[in-house]
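Q: Handing you this structure, nothing more for now.
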Amino acid sequence: MNTELYLKIKEKIHNVDCIVIGAGAGLSTAAGVNYGTKDFKKLFPELVERYGFSDMYTSSFYDFDTEEERWSYWAKHINYLCIGMKATNIYQDLFKLMKDKDYFVLTTNVDRQFLKAGFDEKKVFEVQGALTKIQCARTCHNKLYDNEKLIKEMLKEDKECKIPTRLIPKCPICGGKMDINLRKDGFFVEDDNWYEHNLAFEKFINDHKNKKILFLELGAGFNTPSIIRYPFEALTYNLKEAYLIRINNQCAFVPNEIKEKALEVQDDIANVIKNLLS
Ligand SMILES: [Zn+2]
């Protein structure tokens, strides 16, 4: 990427009143928190042998015969992509760039990387849930439960891709199955904490609507564009002093209506952030 473009991004980041980060899958992929096939066979030979899995993404759609097997799989998935993973360099770099700014984060990533890197929990809205929480699979009540201790126990007692029956979580209210708190169907629990963050985001936008507000979009593609991509375009269009920087290695284009108020940065996110710090 050319120096002029970097200088322009730097100038924007330093001269605005506040920054709204919108993070999509592309950011975590660039950070190496991904579902890729690269190390899968080495890390999970038993999953390859037993189910023929090749990566952590497609495997998460598998219909397991038993709850013992399903939770054995999810314990490995959650531990690999979340519990066992520290803040990656790219998220740490992003925090260094943002820590002294007035910021708010909207993310569709469920790996908790923003929190691990030091971002303020009150200012990070994890719209699509988190791998470290479980909920009633039938959403009989809207409460979430931390699963870290349970997942660690499952991993310790895992045998031949099964966990012991006694470790299978049950809904404390209806006695039914539990599920990871990920938005994948109509049974996603939005708890009080979710609504508080949703309100905090609206308040942040409202409080800054007449100020210089920068929408910094990182790797938000077209999987769920209605959460970050489209709202950022609309807010940039509607708020007088708003500006959008869209960093995406595949689809950085912005609509014509906001071309004057936006920067399309089609480049590797890790590269861009590293260069912004230098
Ligand atoms: Zn229930």
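How things are named: the first chain in the structure tokens is A, the next is B, and so on; residues count from 1 in each chain; ligands count from 1 in the order shown.
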Got a sec: who's within 10 Å of stretch 95-104 of chain A, counting only C-alpha atoms, leaving out chain neighbours fewer than 5 positions off, as an NGL selection string?
A: :A and (10 or 13-14 or 16-22 or 89-90 or 114-115 or 117-125 or 200-201 or 204-205 or 213-215 or 273-274 or 276-277)
Q: Where does chain A meet ligand 1 within 6 Å, residue by residue, with the nearest atom pair and distance in Å to one decimal for each, counting only C-alpha atoms and all ligand atoms, listed by chain and rising number, as CSV?
A:
```
residue,atom,partner,partner_atom_place_in_ligand_line,distance
A:Cys136,CA,ligand 1,1 (Zn),4.5
A:Arg138,CA,ligand 1,1 (Zn),5.8
A:Thr139,CA,ligand 1,1 (Zn),5.8
A:Cys140,CA,ligand 1,1 (Zn),4.2
A:Cys171,CA,ligand 1,1 (Zn),4.6
A:Ile173,CA,ligand 1,1 (Zn),5.1
A:Cys174,CA,ligand 1,1 (Zn),4.0
A:Gly175,CA,ligand 1,1 (Zn),6.0
A:Gly176,CA,ligand 1,1 (Zn),5.5
```
Q: With only C-alpha atoms as the basis for distance, which of A:Leu150, A:Val105, A:Met178, A:Leu144 is at the shortest distance from A:Glu67?
A: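 Going through A:Leu150, A:Val105, A:Met178, A:Leu144 one by one, the smallest distance to A:Glu67 is for A:Met178.
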Q: Using only C-alpha atoms, which protein or nucleic acid residues come within 10 Å of A:Leu155? Drop anything in the same chain fewer than 6 positions from it, and give the result as a list in words.
A: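 That gives Trp71, Ser72, Tyr73, Trp74, Ala75, Lys76, Asn79, Cys161, Lys162 and Ile163 of chain A.
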Q: Excluding A:Thr132 and its own-chain neighbours fewer than 2 positions away, which residues fall within 8 Å of it when counting only C-alpha atoms? Please give them as a ChimeraX atom specification.
A: /A:78,82-83,130,134,146-148,180-181
